[in-house]
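Asker: Sharing start39.cif, mmCIF, C-alpha atoms and all ligand atoms:
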```
data_run
loop_
_atom_site.label_atom_id
_atom_site.label_comp_id
_atom_site.auth_asym_id
_atom_site.auth_seq_id
_atom_site.Cartn_x
_atom_site.Cartn_y
_atom_site.Cartn_z
CA MET A 49 -18.99 -3.55 -13.44
CA SER A 50 -21.22 -6.52 -14.28
CA ASP A 51 -19.89 -9.83 -15.50
CA LEU A 52 -21.56 -9.26 -18.84
CA GLN A 53 -19.70 -6.05 -19.43
CA GLN A 54 -16.46 -7.51 -18.24
CA LYS A 55 -16.21 -10.45 -20.59
CA PRO A 56 -15.21 -8.71 -23.79
CA VAL A 57 -12.55 -6.78 -21.88
CA ASN A 58 -11.03 -9.98 -20.58
CA GLU A 59 -11.02 -11.53 -24.02
CA GLU A 60 -9.39 -8.42 -25.36
CA ARG A 61 -6.85 -8.67 -22.56
CA ARG A 62 -6.08 -12.25 -23.35
CA THR A 63 -5.30 -11.48 -26.96
CA LEU A 64 -3.24 -8.49 -25.91
CA LEU A 65 -1.37 -10.66 -23.42
CA LYS A 66 -0.57 -13.12 -26.15
CA ALA A 67 0.60 -10.33 -28.40
CA GLY A 68 2.57 -8.88 -25.50
CA ALA A 69 4.25 -12.19 -24.83
CA VAL A 70 5.58 -12.21 -28.36
CA ALA A 71 6.53 -8.57 -28.17
CA THR A 72 8.64 -8.79 -25.00
CA GLY A 73 12.28 -8.21 -25.56
CA THR A 74 11.53 -6.40 -28.81
CA ALA A 75 14.50 -4.51 -30.17
CA LEU A 76 13.75 -0.77 -30.30
CA ALA A 77 17.03 -0.05 -31.99
CA PRO A 78 20.14 -2.21 -32.36
CA GLY A 79 21.31 -3.02 -28.85
CA VAL A 80 18.29 -1.40 -27.14
CA LEU A 81 15.77 -3.86 -25.79
CA LEU A 82 12.33 -3.18 -24.41
CA PHE A 83 11.81 -5.60 -21.55
CA GLY A 84 8.89 -6.90 -19.58
CA ALA A 85 5.95 -5.40 -21.49
CA ALA A 86 3.58 -8.26 -20.62
CA GLN A 87 3.73 -8.03 -16.83
CA ALA A 88 0.85 -5.68 -16.09
CA ARG A 89 -2.24 -7.19 -14.51
CA ALA A 90 -5.85 -6.04 -14.32
CA PRO A 91 -7.03 -4.33 -11.10
CA GLU A 92 -9.25 -7.29 -10.18
CA GLU A 93 -6.43 -9.77 -10.60
CA PRO A 94 -4.49 -10.67 -7.43
CA ALA A 95 -0.68 -10.60 -7.33
CA SER A 96 0.65 -13.81 -8.81
CA ASP A 97 3.25 -16.20 -7.44
CA LYS A 98 4.51 -16.65 -11.00
CA VAL A 99 6.14 -13.25 -10.53
CA ARG A 100 8.99 -12.41 -8.17
CA TRP A 101 9.95 -8.77 -8.01
CA GLY A 102 13.60 -8.06 -7.47
CA MET A 103 16.31 -5.48 -7.84
CA ILE A 104 19.96 -5.40 -8.84
CA ILE A 105 22.19 -2.59 -7.61
CA ASP A 106 25.54 -2.07 -9.32
CA VAL A 107 27.64 -0.29 -6.72
CA ASN A 108 30.29 0.67 -9.28
CA LYS A 109 27.71 2.87 -10.94
CA CYS A 110 26.37 4.27 -7.67
CA ALA A 111 27.84 7.75 -7.21
CA ASP A 112 29.43 8.72 -3.92
CA GLY A 113 27.47 11.61 -2.43
CA CYS A 114 24.41 11.08 -4.63
CA ASN A 115 21.24 10.73 -2.58
CA ASP A 116 18.66 10.83 -5.37
CA CYS A 117 17.17 7.39 -4.67
CA VAL A 118 16.58 8.33 -1.03
CA THR A 119 14.97 11.67 -1.90
CA ALA A 120 12.72 10.03 -4.49
CA CYS A 121 11.59 7.38 -2.01
CA ASN A 122 10.76 10.01 0.61
CA GLU A 123 8.81 11.99 -1.95
CA GLU A 124 6.89 9.00 -3.32
CA ASN A 125 5.99 7.54 0.06
CA GLY A 126 5.54 10.71 2.07
CA LEU A 127 8.48 10.27 4.47
CA SER A 128 9.85 13.39 6.13
CA GLY A 129 13.44 12.77 5.05
CA ALA A 130 14.74 13.27 8.59
CA THR A 131 17.38 10.73 9.61
CA GLY A 132 17.24 10.79 13.41
CA PRO A 133 17.06 7.55 15.41
CA GLN A 134 13.25 7.78 15.53
CA ASP A 135 12.66 8.76 11.90
CA SER A 136 11.52 6.38 9.18
CA GLN A 137 14.06 5.53 6.52
CA TRP A 138 13.02 3.04 3.88
CA ILE A 139 16.23 3.36 1.88
CA ARG A 140 19.59 4.63 3.17
CA LYS A 141 22.89 5.43 1.49
CA LEU A 142 25.79 3.67 3.19
CA ASN A 143 29.50 4.21 2.75
CA ILE A 144 31.50 1.08 3.41
CA ARG A 145 35.28 0.73 3.56
CA HIS A 146 37.18 -2.50 3.03
CA LEU A 147 39.20 -3.02 6.21
CA LYS A 148 42.30 -4.36 4.44
CA THR A 149 42.43 -2.53 1.12
CA GLY A 150 40.75 0.67 2.26
CA VAL A 151 38.58 0.73 -0.86
CA GLU A 152 35.47 2.79 -0.25
CA THR A 153 32.08 1.97 -1.72
CA SER A 154 28.82 3.85 -1.62
CA LEU A 155 25.58 1.91 -1.88
CA PRO A 156 21.87 2.14 -1.13
CA MET A 157 20.45 -0.31 1.43
CA LEU A 158 16.75 -1.12 1.65
CA CYS A 159 14.46 -4.01 2.53
CA VAL A 160 15.79 -6.81 0.36
CA HIS A 161 12.41 -8.58 0.18
CA CYS A 162 13.67 -11.94 1.39
CA GLU A 163 12.09 -15.10 0.04
CA HIS A 164 12.24 -16.46 3.61
CA PRO A 165 11.77 -13.26 5.60
CA PRO A 166 12.69 -13.46 9.31
CA CYS A 167 10.41 -10.46 9.90
CA VAL A 168 7.46 -12.58 8.82
CA ASP A 169 8.59 -15.58 10.89
CA VAL A 170 8.64 -13.66 14.15
CA CYS A 171 5.53 -11.52 13.76
CA PRO A 172 2.98 -12.62 16.38
CA THR A 173 -0.06 -11.24 14.54
CA GLY A 174 0.56 -12.02 10.88
CA ALA A 175 0.94 -8.31 10.09
CA SER A 176 4.38 -8.77 8.60
CA MET A 177 3.64 -10.65 5.42
CA LYS A 178 4.97 -11.63 2.02
CA ARG A 179 2.72 -11.10 -0.95
CA ALA A 180 2.44 -13.79 -3.62
CA ASP A 181 4.78 -11.83 -5.90
CA GLY A 182 7.51 -11.66 -3.26
CA ILE A 183 6.90 -8.14 -1.95
CA VAL A 184 7.24 -8.04 1.85
CA LEU A 185 4.78 -5.67 3.53
CA VAL A 186 3.38 -4.74 6.93
CA ASP A 187 -0.39 -4.93 7.24
CA ARG A 188 -0.83 -1.93 9.52
CA HIS A 189 -4.42 -2.90 10.25
CA ILE A 190 -3.17 -5.71 12.47
CA CYS A 191 0.35 -4.56 13.42
CA ILE A 192 0.51 -4.08 17.20
CA GLY A 193 3.83 -2.26 17.12
CA CYS A 194 5.74 -4.88 19.12
CA ARG A 195 8.80 -4.35 16.90
CA TYR A 196 9.90 -8.00 16.94
CA CYS A 197 10.33 -7.74 13.19
CA MET A 198 12.76 -4.85 13.57
CA MET A 199 14.93 -7.02 15.80
CA ALA A 200 14.68 -9.98 13.44
CA CYS A 201 15.61 -8.19 10.22
CA PRO A 202 19.33 -8.69 9.52
CA TYR A 203 19.40 -5.62 7.25
CA LYS A 204 18.03 -3.04 9.69
CA ALA A 205 15.46 -2.29 7.05
CA ARG A 206 12.49 -1.46 9.24
CA SER A 207 11.42 1.71 11.02
CA PHE A 208 8.83 2.37 13.69
CA VAL A 209 6.54 5.39 13.47
CA HIS A 210 6.78 7.13 16.84
CA GLU A 211 4.70 10.25 16.34
CA PRO A 212 1.25 10.93 14.87
CA LEU A 213 1.36 11.71 11.15
CA THR A 214 -0.85 13.94 9.05
CA ASP A 215 -1.24 14.59 5.32
CA GLN A 216 -0.18 11.15 4.22
CA ASN A 217 -0.04 10.27 0.55
CA PRO A 218 -3.48 8.73 -0.18
CA GLU A 219 -1.72 5.81 -1.86
CA VAL A 220 0.66 5.17 1.03
CA PRO A 221 -1.26 5.05 4.32
CA ARG A 222 1.09 5.12 7.32
CA GLY A 223 0.71 6.09 10.94
CA LYS A 224 1.87 6.06 14.52
CA GLY A 225 2.39 2.76 16.32
CA CYS A 226 3.20 0.65 13.28
CA VAL A 227 6.38 -0.69 11.77
CA GLU A 228 7.10 0.01 8.12
CA SER A 229 9.72 -0.59 5.46
CA CYS A 230 10.31 -0.39 1.72
CA THR A 231 7.30 -1.70 -0.22
CA PHE A 232 9.04 -1.89 -3.62
CA CYS A 233 6.64 1.00 -4.41
CA VAL A 234 3.77 -1.49 -4.44
CA GLN A 235 1.37 1.25 -5.54
CA LYS A 236 3.43 1.78 -8.70
CA VAL A 237 3.90 -1.93 -9.31
CA ASP A 238 0.15 -2.54 -9.03
CA ARG A 239 -0.46 0.27 -11.49
CA GLY A 240 1.65 -1.70 -13.95
CA GLU A 241 4.56 0.74 -13.98
CA ASN A 242 6.99 -2.07 -13.16
CA THR A 243 9.47 0.28 -11.60
CA THR A 244 10.15 2.00 -8.29
CA ALA A 245 10.73 5.64 -7.37
CA CYS A 246 14.39 5.02 -6.46
CA VAL A 247 15.14 3.25 -9.74
CA GLU A 248 13.47 6.02 -11.73
CA ALA A 249 15.49 8.66 -9.87
CA CYS A 250 18.74 6.79 -10.40
CA ASN A 251 18.02 6.52 -14.11
CA ALA A 252 17.01 10.18 -14.29
CA ALA A 253 20.33 11.15 -12.68
CA GLY A 254 22.06 9.18 -15.41
CA HIS A 255 23.73 6.66 -13.09
CA LYS A 256 21.54 3.67 -14.01
CA ALA A 257 22.89 1.78 -11.01
CA MET A 258 19.58 0.11 -10.11
CA ILE A 259 17.42 -2.29 -12.10
CA PHE A 260 13.96 -3.45 -11.04
CA GLY A 261 11.97 -6.26 -12.57
CA ASP A 262 10.45 -9.72 -12.44
CA MET A 263 13.23 -12.19 -11.69
CA ASN A 264 10.99 -15.06 -12.87
CA ASP A 265 10.36 -13.62 -16.32
CA PRO A 266 13.18 -14.97 -18.49
CA THR A 267 12.81 -12.07 -20.92
CA SER A 268 13.25 -9.37 -18.26
CA GLU A 269 16.49 -7.44 -18.01
CA ILE A 270 16.97 -8.45 -14.38
CA ALA A 271 16.59 -12.15 -15.17
CA GLN A 272 19.09 -11.83 -18.01
CA ILE A 273 21.67 -10.26 -15.71
CA LEU A 274 21.07 -12.81 -12.97
CA LYS A 275 21.67 -15.56 -15.52
CA THR A 276 24.79 -14.15 -17.16
CA GLN A 277 26.61 -12.04 -14.56
CA LYS A 278 27.84 -12.39 -11.01
CA THR A 279 25.52 -10.89 -8.42
CA THR A 280 25.91 -10.93 -4.65
CA GLU A 281 23.37 -11.31 -1.87
CA ILE A 282 24.28 -9.50 1.32
CA ARG A 283 24.50 -12.04 4.15
CA ALA A 284 23.94 -14.87 1.68
CA ASP A 285 25.03 -17.17 4.53
CA LEU A 286 21.62 -16.69 6.13
CA GLY A 287 19.94 -18.42 3.19
CA LEU A 288 17.12 -15.87 2.92
CA ASN A 289 17.29 -15.71 -0.89
CA THR A 290 17.05 -11.95 -1.10
CA GLY A 291 15.19 -10.11 -3.85
CA VAL A 292 17.75 -7.29 -3.85
CA ARG A 293 21.15 -8.32 -5.20
CA TYR A 294 24.33 -6.30 -5.58
CA GLN A 295 27.09 -6.16 -8.15
CA GLY A 296 30.59 -4.90 -7.47
CA ILE A 297 30.83 -5.75 -3.77
CA MET B 267 -45.07 -2.00 53.17
CA ARG B 268 -41.44 -1.31 52.53
CA GLU B 269 -41.53 -3.87 49.72
CA ILE B 270 -44.40 -2.09 48.08
CA ILE B 271 -42.63 1.25 48.24
CA ARG B 272 -39.51 -0.31 46.79
CA ALA B 273 -41.49 -1.89 43.96
CA TRP B 274 -43.14 1.39 43.14
CA GLY B 275 -39.82 3.17 43.25
CA LEU B 276 -38.35 0.66 40.84
CA THR B 277 -41.24 1.00 38.43
CA ALA B 278 -40.93 4.76 38.49
CA LEU B 279 -37.21 4.50 37.88
CA LEU B 280 -37.71 2.14 34.94
CA ALA B 281 -40.37 4.35 33.45
CA GLY B 282 -38.02 7.29 33.78
CA LEU B 283 -35.24 5.38 32.02
CA LEU B 284 -37.50 4.36 29.21
CA LEU B 285 -38.74 7.86 28.67
CA ALA B 286 -35.36 9.51 29.02
CA PRO B 287 -33.92 8.62 25.58
CA ALA B 288 -36.84 10.23 23.81
CA GLY B 289 -36.27 13.39 25.81
CA VAL B 290 -32.52 13.40 25.08
CA MET B 291 -33.01 12.63 21.38
CA ALA B 292 -35.24 15.63 21.03
CA GLY B 293 -32.30 17.88 21.95
CA VAL B 294 -29.75 16.43 19.52
CA GLU B 295 -29.83 17.31 15.85
CA LYS B 296 -29.56 14.43 13.40
CA PRO B 297 -26.36 14.76 11.36
CA VAL B 298 -26.76 16.62 8.10
CA LEU B 299 -24.58 15.20 5.36
CA GLU B 300 -23.31 16.92 2.28
CA ARG B 301 -24.23 15.14 -0.92
CA GLY B 302 -21.38 13.17 -2.52
CA LYS B 303 -19.86 14.40 -5.76
CA GLY B 304 -20.73 11.29 -7.76
CA GLU B 305 -24.08 10.47 -9.35
CA ARG B 306 -24.94 7.83 -6.80
CA CYS B 307 -23.21 5.75 -4.13
CA VAL B 308 -21.72 2.35 -4.99
CA GLU B 309 -24.47 0.74 -2.88
CA ASP B 310 -27.85 1.86 -1.54
CA THR B 311 -27.64 4.41 1.25
CA GLU B 312 -29.47 2.16 3.72
CA TYR B 313 -27.05 -0.66 2.99
CA MET B 314 -24.01 1.59 3.29
CA ARG B 315 -25.21 2.98 6.59
CA ARG B 316 -25.25 -0.45 8.13
CA TYR B 317 -22.52 -2.34 6.28
CA HIS B 318 -19.90 0.16 5.07
CA MET B 319 -17.33 -1.16 7.53
CA GLN B 320 -17.78 -4.76 6.38
CA LEU B 321 -17.25 -3.67 2.77
CA LEU B 322 -14.18 -1.64 3.65
CA LYS B 323 -12.70 -4.41 5.76
CA HIS B 324 -13.18 -6.96 3.01
CA HIS B 325 -11.65 -4.62 0.46
CA ARG B 326 -8.73 -3.68 2.69
CA ASP B 327 -7.71 -7.33 3.02
CA ASP B 328 -8.09 -7.93 -0.71
CA THR B 329 -5.96 -4.91 -1.54
CA MET B 330 -3.40 -5.10 1.22
CA ARG B 331 -2.75 -8.82 1.21
CA ARG B 332 -3.59 -9.88 -2.34
CA GLY B 333 -2.91 -6.78 -4.38
CA ILE B 334 -6.45 -6.51 -5.79
CA ARG B 335 -6.94 -2.88 -6.72
CA THR B 336 -10.56 -2.57 -7.83
CA THR B 337 -12.04 0.81 -6.97
CA LYS B 338 -15.70 0.04 -6.21
CA HIS B 339 -15.36 -0.44 -2.43
CA SER B 340 -12.07 1.31 -1.87
CA LEU B 341 -11.72 3.85 0.92
CA LYS B 342 -9.96 6.18 -1.50
CA GLY B 343 -13.13 6.17 -3.60
CA CYS B 344 -15.24 7.15 -0.57
CA VAL B 345 -12.86 10.03 0.20
CA GLU B 346 -12.85 11.25 -3.38
CA CYS B 347 -16.65 11.45 -3.49
CA HIS B 348 -17.37 12.63 0.04
CA ALA B 349 -14.62 15.14 0.81
CA SER B 350 -16.34 18.27 2.11
CA SER B 351 -16.59 21.28 -0.15
CA LYS B 352 -15.58 23.44 2.82
CA THR B 353 -12.63 21.58 4.34
CA GLY B 354 -11.72 19.34 1.40
CA SER B 355 -11.64 16.44 3.85
CA VAL B 356 -13.93 13.67 5.15
CA ALA B 357 -12.80 13.96 8.75
CA SER B 358 -11.16 17.27 9.63
CA SER B 359 -14.22 18.99 11.12
CA LYS B 360 -17.23 17.68 13.03
CA GLU B 361 -19.47 18.39 10.04
CA ASP B 362 -17.35 16.43 7.54
CA PHE B 363 -18.90 13.28 6.07
CA CYS B 364 -17.42 10.59 8.32
CA MET B 365 -17.32 12.65 11.48
CA ALA B 366 -20.91 13.90 11.29
CA CYS B 367 -22.34 10.43 11.94
CA HIS B 368 -19.49 9.15 14.04
CA VAL B 369 -19.68 12.08 16.43
CA TYR B 370 -23.45 11.63 16.61
CA ALA B 371 -23.08 7.90 17.34
CA SER B 372 -19.99 8.35 19.55
CA VAL B 373 -17.98 5.79 17.60
CA LYS B 374 -14.27 6.56 17.44
CA LEU B 375 -12.53 6.23 14.09
CA ASP B 376 -8.98 4.93 13.65
CA CYS B 377 -8.93 4.96 9.86
CA TRP B 378 -7.58 8.50 9.64
CA ASP B 379 -4.56 7.85 11.85
CA CYS B 380 -3.01 6.31 8.72
CA HIS B 381 -5.23 7.05 5.73
CA ALA B 382 -5.37 10.44 4.04
CA THR B 383 -8.64 12.27 4.65
CA LYS B 384 -8.32 14.28 1.46
CA PRO B 385 -8.47 13.07 -2.14
CA MET B 386 -5.37 12.62 -4.22
CA LYS B 387 -4.15 15.80 -5.88
CA LYS B 388 -5.35 15.54 -9.45
CA THR B 389 -2.07 16.61 -11.03
CA THR B 390 -0.21 13.37 -10.32
CA PRO B 391 -0.52 10.52 -12.80
CA ALA B 392 -1.44 8.31 -9.85
CA ALA B 393 -4.81 10.02 -9.73
CA MET B 394 -5.72 8.46 -13.06
CA PRO B 395 -8.39 5.77 -12.85
CA ARG B 396 -6.91 2.37 -12.29
CA LEU B 397 -7.31 0.59 -15.57
CA SER B 398 -5.04 -2.14 -16.65
CA PRO B 399 -2.46 -0.62 -18.98
CA LEU B 400 -3.30 -3.46 -21.32
CA THR B 401 -6.91 -2.37 -21.70
CA VAL B 402 -6.19 1.27 -22.44
CA GLY B 403 -5.77 0.95 -26.15
CA LEU B 404 -8.94 -0.89 -27.10
CA PRO B 405 -9.91 -0.79 -30.77
CA GLY B 406 -11.79 2.36 -31.67
CA GLY B 407 -10.34 4.22 -28.70
CA GLN B 408 -13.17 2.97 -26.44
CA GLN B 409 -12.60 2.62 -22.73
CA PRO B 410 -13.69 -0.54 -20.95
S1 LIG A 501 15.09 -7.34 4.56
FE1 LIG A 501 14.28 -7.32 6.66
S2 LIG A 501 12.28 -6.34 6.46
FE2 LIG A 501 12.89 -6.94 4.39
S3 LIG A 501 11.98 -9.00 4.08
FE3 LIG A 501 14.07 -9.33 4.85
S4 LIG A 501 13.82 -9.50 7.07
FE4 LIG A 501 11.93 -8.57 6.30
S1 LIG A 502 5.79 -4.65 14.95
FE1 LIG A 502 3.95 -5.22 13.77
S2 LIG A 502 4.74 -6.21 11.89
FE2 LIG A 502 6.45 -6.14 13.39
S3 LIG A 502 6.39 -8.14 14.44
FE3 LIG A 502 5.17 -6.69 15.70
S4 LIG A 502 3.04 -6.91 14.95
FE4 LIG A 502 4.39 -7.87 13.39
#
```
Translate the structure described by the file into structure tokens.
Answerer:
Amino acid sequence: MSDLQQKPVNEERRTLLKAGAVATGTALAPGVLLFGAAQARAPEEPASDKVRWGMIIDVNKCADGCNDCVTACNEENGLSGATGPQDSQWIRKLNIRHLKTGVETSLPMLCVHCEHPPCVDVCPTGASMKRADGIVLVDRHICIGCRYCMMACPYKARSFVHEPLTDQNPEVPRGKGCVESCTFCVQKVDRGENTTACVEACNAAGHKAMIFGDMNDPTSEIAQILKTQKTTEIRADLGLNTGVRYQGI
Amino acid sequence: MREIIRAWGLTALLAGLLLAPAGVMAGVEKPVLERGKGERCVEDTEYMRRYHMQLLKHHRDDTMRRGIRTTKHSLKGCVECHASSKTGSVASSKEDFCMACHVYASVKLDCWDCHATKPMKKTTPAAMPRLSPLTVGLPGGQQP
């Protein structure tokens, strides 16, 4: 597309953005708010550091035995769904039991997209990287498969692909010899959907235990919750400032 | 005398080497490529032949590391246009678009260890062209 053709589009976009900024948080019906309508960006626009994607998981709403988020992730990203020691798992359901009270909790665990990711610190090639908008990714083009990042991650969030793969999802390239982990469904985020496969599945199942959004956008649902309710970072003592926070643990 | 023989031998050898490629070339068919589905390629054919990897490498870094999702030089675009009408892929048989030249030139490809060699299935919403959701509803229903 030439610059000449592009200009009017950008002007149009600017006005729409302005309109969108006013429209965010619009009430659809009493008590129902439409959040985050102004976050989408044009394909030629790089990810911005004004945005930080994050997730809140309310474990009280997460149903014991439900695996819908995991299935949706596998489907979206082309994972086999096998759970052996050499299989890729980007999100796992864990059952934890309080040692003293015996209370049992079921929760999904995934890459928490640390603000200060140890996986990025240790990577010798720069393959493990954090995008401007806080999404932590592996650049498979330069990953040498040393697996340092797997050792460094405190959340056991990363998997190594041991066997050759075929029939990958065109939007999610992945292959043997590289490390991988949850991408916050970066292909969906970049399309402006502002949600992830796991969150959609959780909502579809009616549990609504997971919320995804821009933590920096004061009008977003996630930012509102962070501001008004108690949320917990797992291993907060490490000071990684995680993008995934929990409620009810 | 021995020197002279050696010199002649060397000349003959060199001449043989120089002539050999022409002889070999004559026996190998130039790759025949299927025409892409689109009207024309994103760049001139001559340019693409020489520089496609530079374009792809530049685009891969823009997309992977910065989240820029323009489609002009994206590998997915190449696959969509050049997937073979027989195999539906750009690299599953020796005649498919990428393989035809790469087999001819003996240059190994790693791209397809990770990337899909077939276009996206058209039924998923993801196969829609990547327009900013903000530009979809332009006045008069026009598309940018
Ligand atoms: S959770 Fe693990 S893989 Fe994810 S950013 Fe943090 S250290 Fe890296
Ligand atoms: S396995 Fe890849 S991403 Fe992980 S530390 Fe090694 S080179 Fe970096």
Asker: Rounded to one decimal place, report the atom CA of Ala88 of chain A-atom CA of Val168 of chain A distance in Å.
Answerer: 26.7 Å
Asker: Would you mind telling me which residue in B:Met386, B:Ala357, B:Cys347, B:Leu322 lies nearest to chain A when using all atoms listed in the file?
Answerer: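 Comparing B:Met386, B:Ala357, B:Cys347, B:Leu322 against chain A, the winner is B:Met386.
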Asker: Name the residues, by chain letter and number, that sit within 8 Å of ligand LIG 501 (chain A) using only C-alpha atoms and all ligand atoms, and give them as a PyMOL selection string.
Answerer: chain A and resi 158-168+176+178+183-185+197-198+200-206+229-230+288+290
Asker: Chain B residues within 6 Å of chain A, counting all atoms listed in the file: which ones, as a list in words?
Answerer: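 Every residue of chain B that passes the 6 Å test is in Arg332, Gly333, Ile334, Arg335, Thr336, Asp379, Cys380, His381, Ala382, Met386 and Ser398 of chain B.
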Asker: Atom CA of Arg100 of chain A and atom CA of Lys342 of chain B, how far apart in Å?
Answerer: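 Atom CA of Arg100 of chain A lies at a distance of 27.4 Å from atom CA of Lys342 of chain B.
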Asker: One decimal, in Å: what's the spacing between atom CA of Thr231 of chain A and atom CA of Asn125 of chain A?
Answerer: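 Between these atoms lies a distance of 9.3 Å.
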Asker: Which residues come within 8 Å of Lys303 of chain B, counting only C-alpha atoms, excluding same-chain residues fewer than 2 positions away, as an MDAnalysis selection string?
Answerer: chainID B and resid 301 305 347:348
Asker: Based on the selection just made, write C-alpha atoms of those residues as a PDB file, keeping the file's coordinate frame.
Answerer:
```pdb
ATOM      1  CA  ARG B 301     -24.230  15.140  -0.920  1.00  0.00           C
ATOM      2  CA  GLU B 305     -24.080  10.470  -9.350  1.00  0.00           C
ATOM      3  CA  CYS B 347     -16.650  11.450  -3.490  1.00  0.00           C
ATOM      4  CA  HIS B 348     -17.370  12.630   0.040  1.00  0.00           C
TER       5      HIS B 348
END
```
Asker: Restrict the output to segment 315-334 of chain B and N, CA and C atoms, then write it as a PDB file, in the first residue's frame.
Answerer:
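Produced file selection_1.pdb, reproduced below:
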```pdb
ATOM      1  N   ARG B 315      13.697 -13.760  -6.794  1.00  0.00           N
ATOM      2  CA  ARG B 315      14.609 -14.872  -6.953  1.00  0.00           C
ATOM      3  C   ARG B 315      15.870 -14.648  -6.130  1.00  0.00           C
ATOM      4  N   ARG B 316      16.368 -13.440  -6.181  1.00  0.00           N
ATOM      5  CA  ARG B 316      17.630 -13.157  -5.513  1.00  0.00           C
ATOM      6  C   ARG B 316      17.452 -12.784  -4.048  1.00  0.00           C
ATOM      7  N   TYR B 317      16.400 -12.056  -3.709  1.00  0.00           N
ATOM      8  CA  TYR B 317      16.326 -11.435  -2.378  1.00  0.00           C
ATOM      9  C   TYR B 317      15.189 -11.939  -1.494  1.00  0.00           C
ATOM     10  N   HIS B 318      14.471 -12.999  -1.894  1.00  0.00           N
ATOM     11  CA  HIS B 318      13.309 -13.383  -1.071  1.00  0.00           C
ATOM     12  C   HIS B 318      13.689 -13.663   0.378  1.00  0.00           C
ATOM     13  N   MET B 319      14.874 -14.227   0.591  1.00  0.00           N
ATOM     14  CA  MET B 319      15.242 -14.568   1.971  1.00  0.00           C
ATOM     15  C   MET B 319      15.487 -13.308   2.811  1.00  0.00           C
ATOM     16  N   GLN B 320      16.084 -12.278   2.170  1.00  0.00           N
ATOM     17  CA  GLN B 320      16.293 -11.032   2.925  1.00  0.00           C
ATOM     18  C   GLN B 320      14.943 -10.432   3.338  1.00  0.00           C
ATOM     19  N   LEU B 321      13.987 -10.450   2.416  1.00  0.00           N
ATOM     20  CA  LEU B 321      12.661  -9.903   2.725  1.00  0.00           C
ATOM     21  C   LEU B 321      12.024 -10.684   3.870  1.00  0.00           C
ATOM     22  N   LEU B 322      12.095 -12.003   3.758  1.00  0.00           N
ATOM     23  CA  LEU B 322      11.456 -12.845   4.772  1.00  0.00           C
ATOM     24  C   LEU B 322      12.120 -12.663   6.134  1.00  0.00           C
ATOM     25  N   LYS B 323      13.438 -12.543   6.126  1.00  0.00           N
ATOM     26  CA  LYS B 323      14.160 -12.409   7.380  1.00  0.00           C
ATOM     27  C   LYS B 323      13.819 -11.085   8.058  1.00  0.00           C
ATOM     28  N   HIS B 324      13.742 -10.035   7.256  1.00  0.00           N
ATOM     29  CA  HIS B 324      13.384  -8.730   7.785  1.00  0.00           C
ATOM     30  C   HIS B 324      11.971  -8.786   8.376  1.00  0.00           C
ATOM     31  N   HIS B 325      11.066  -9.411   7.628  1.00  0.00           N
ATOM     32  CA  HIS B 325       9.680  -9.456   8.062  1.00  0.00           C
ATOM     33  C   HIS B 325       9.521 -10.326   9.301  1.00  0.00           C
ATOM     34  N   ARG B 326      10.282 -11.401   9.363  1.00  0.00           N
ATOM     35  CA  ARG B 326      10.162 -12.318  10.501  1.00  0.00           C
ATOM     36  C   ARG B 326      10.556 -11.585  11.781  1.00  0.00           C
ATOM     37  N   ASP B 327      11.609 -10.769  11.723  1.00  0.00           N
ATOM     38  CA  ASP B 327      12.014 -10.042  12.924  1.00  0.00           C
ATOM     39  C   ASP B 327      10.985  -8.982  13.293  1.00  0.00           C
ATOM     40  N   ASP B 328      10.456  -8.299  12.296  1.00  0.00           N
ATOM     41  CA  ASP B 328       9.417  -7.295  12.566  1.00  0.00           C
ATOM     42  C   ASP B 328       8.206  -7.940  13.230  1.00  0.00           C
ATOM     43  N   THR B 329       7.787  -9.082  12.724  1.00  0.00           N
ATOM     44  CA  THR B 329       6.582  -9.714  13.242  1.00  0.00           C
ATOM     45  C   THR B 329       6.839 -10.363  14.589  1.00  0.00           C
ATOM     46  N   MET B 330       7.871 -11.149  14.641  1.00  0.00           N
ATOM     47  CA  MET B 330       8.175 -11.930  15.844  1.00  0.00           C
ATOM     48  C   MET B 330       8.513 -11.022  17.023  1.00  0.00           C
ATOM     49  N   ARG B 331       9.368 -10.043  16.799  1.00  0.00           N
ATOM     50  CA  ARG B 331       9.903  -9.291  17.933  1.00  0.00           C
ATOM     51  C   ARG B 331       9.131  -7.997  18.189  1.00  0.00           C
ATOM     52  N   ARG B 332       8.495  -7.452  17.151  1.00  0.00           N
ATOM     53  CA  ARG B 332       7.820  -6.168  17.353  1.00  0.00           C
ATOM     54  C   ARG B 332       6.312  -6.247  17.173  1.00  0.00           C
ATOM     55  N   GLY B 333       5.829  -7.375  16.709  1.00  0.00           N
ATOM     56  CA  GLY B 333       4.378  -7.522  16.586  1.00  0.00           C
ATOM     57  C   GLY B 333       3.783  -6.821  15.374  1.00  0.00           C
ATOM     58  N   ILE B 334       4.625  -6.505  14.379  1.00  0.00           N
ATOM     59  CA  ILE B 334       4.115  -5.878  13.150  1.00  0.00           C
ATOM     60  C   ILE B 334       3.555  -6.986  12.264  1.00  0.00           C
TER      61      ILE B 334
END
```
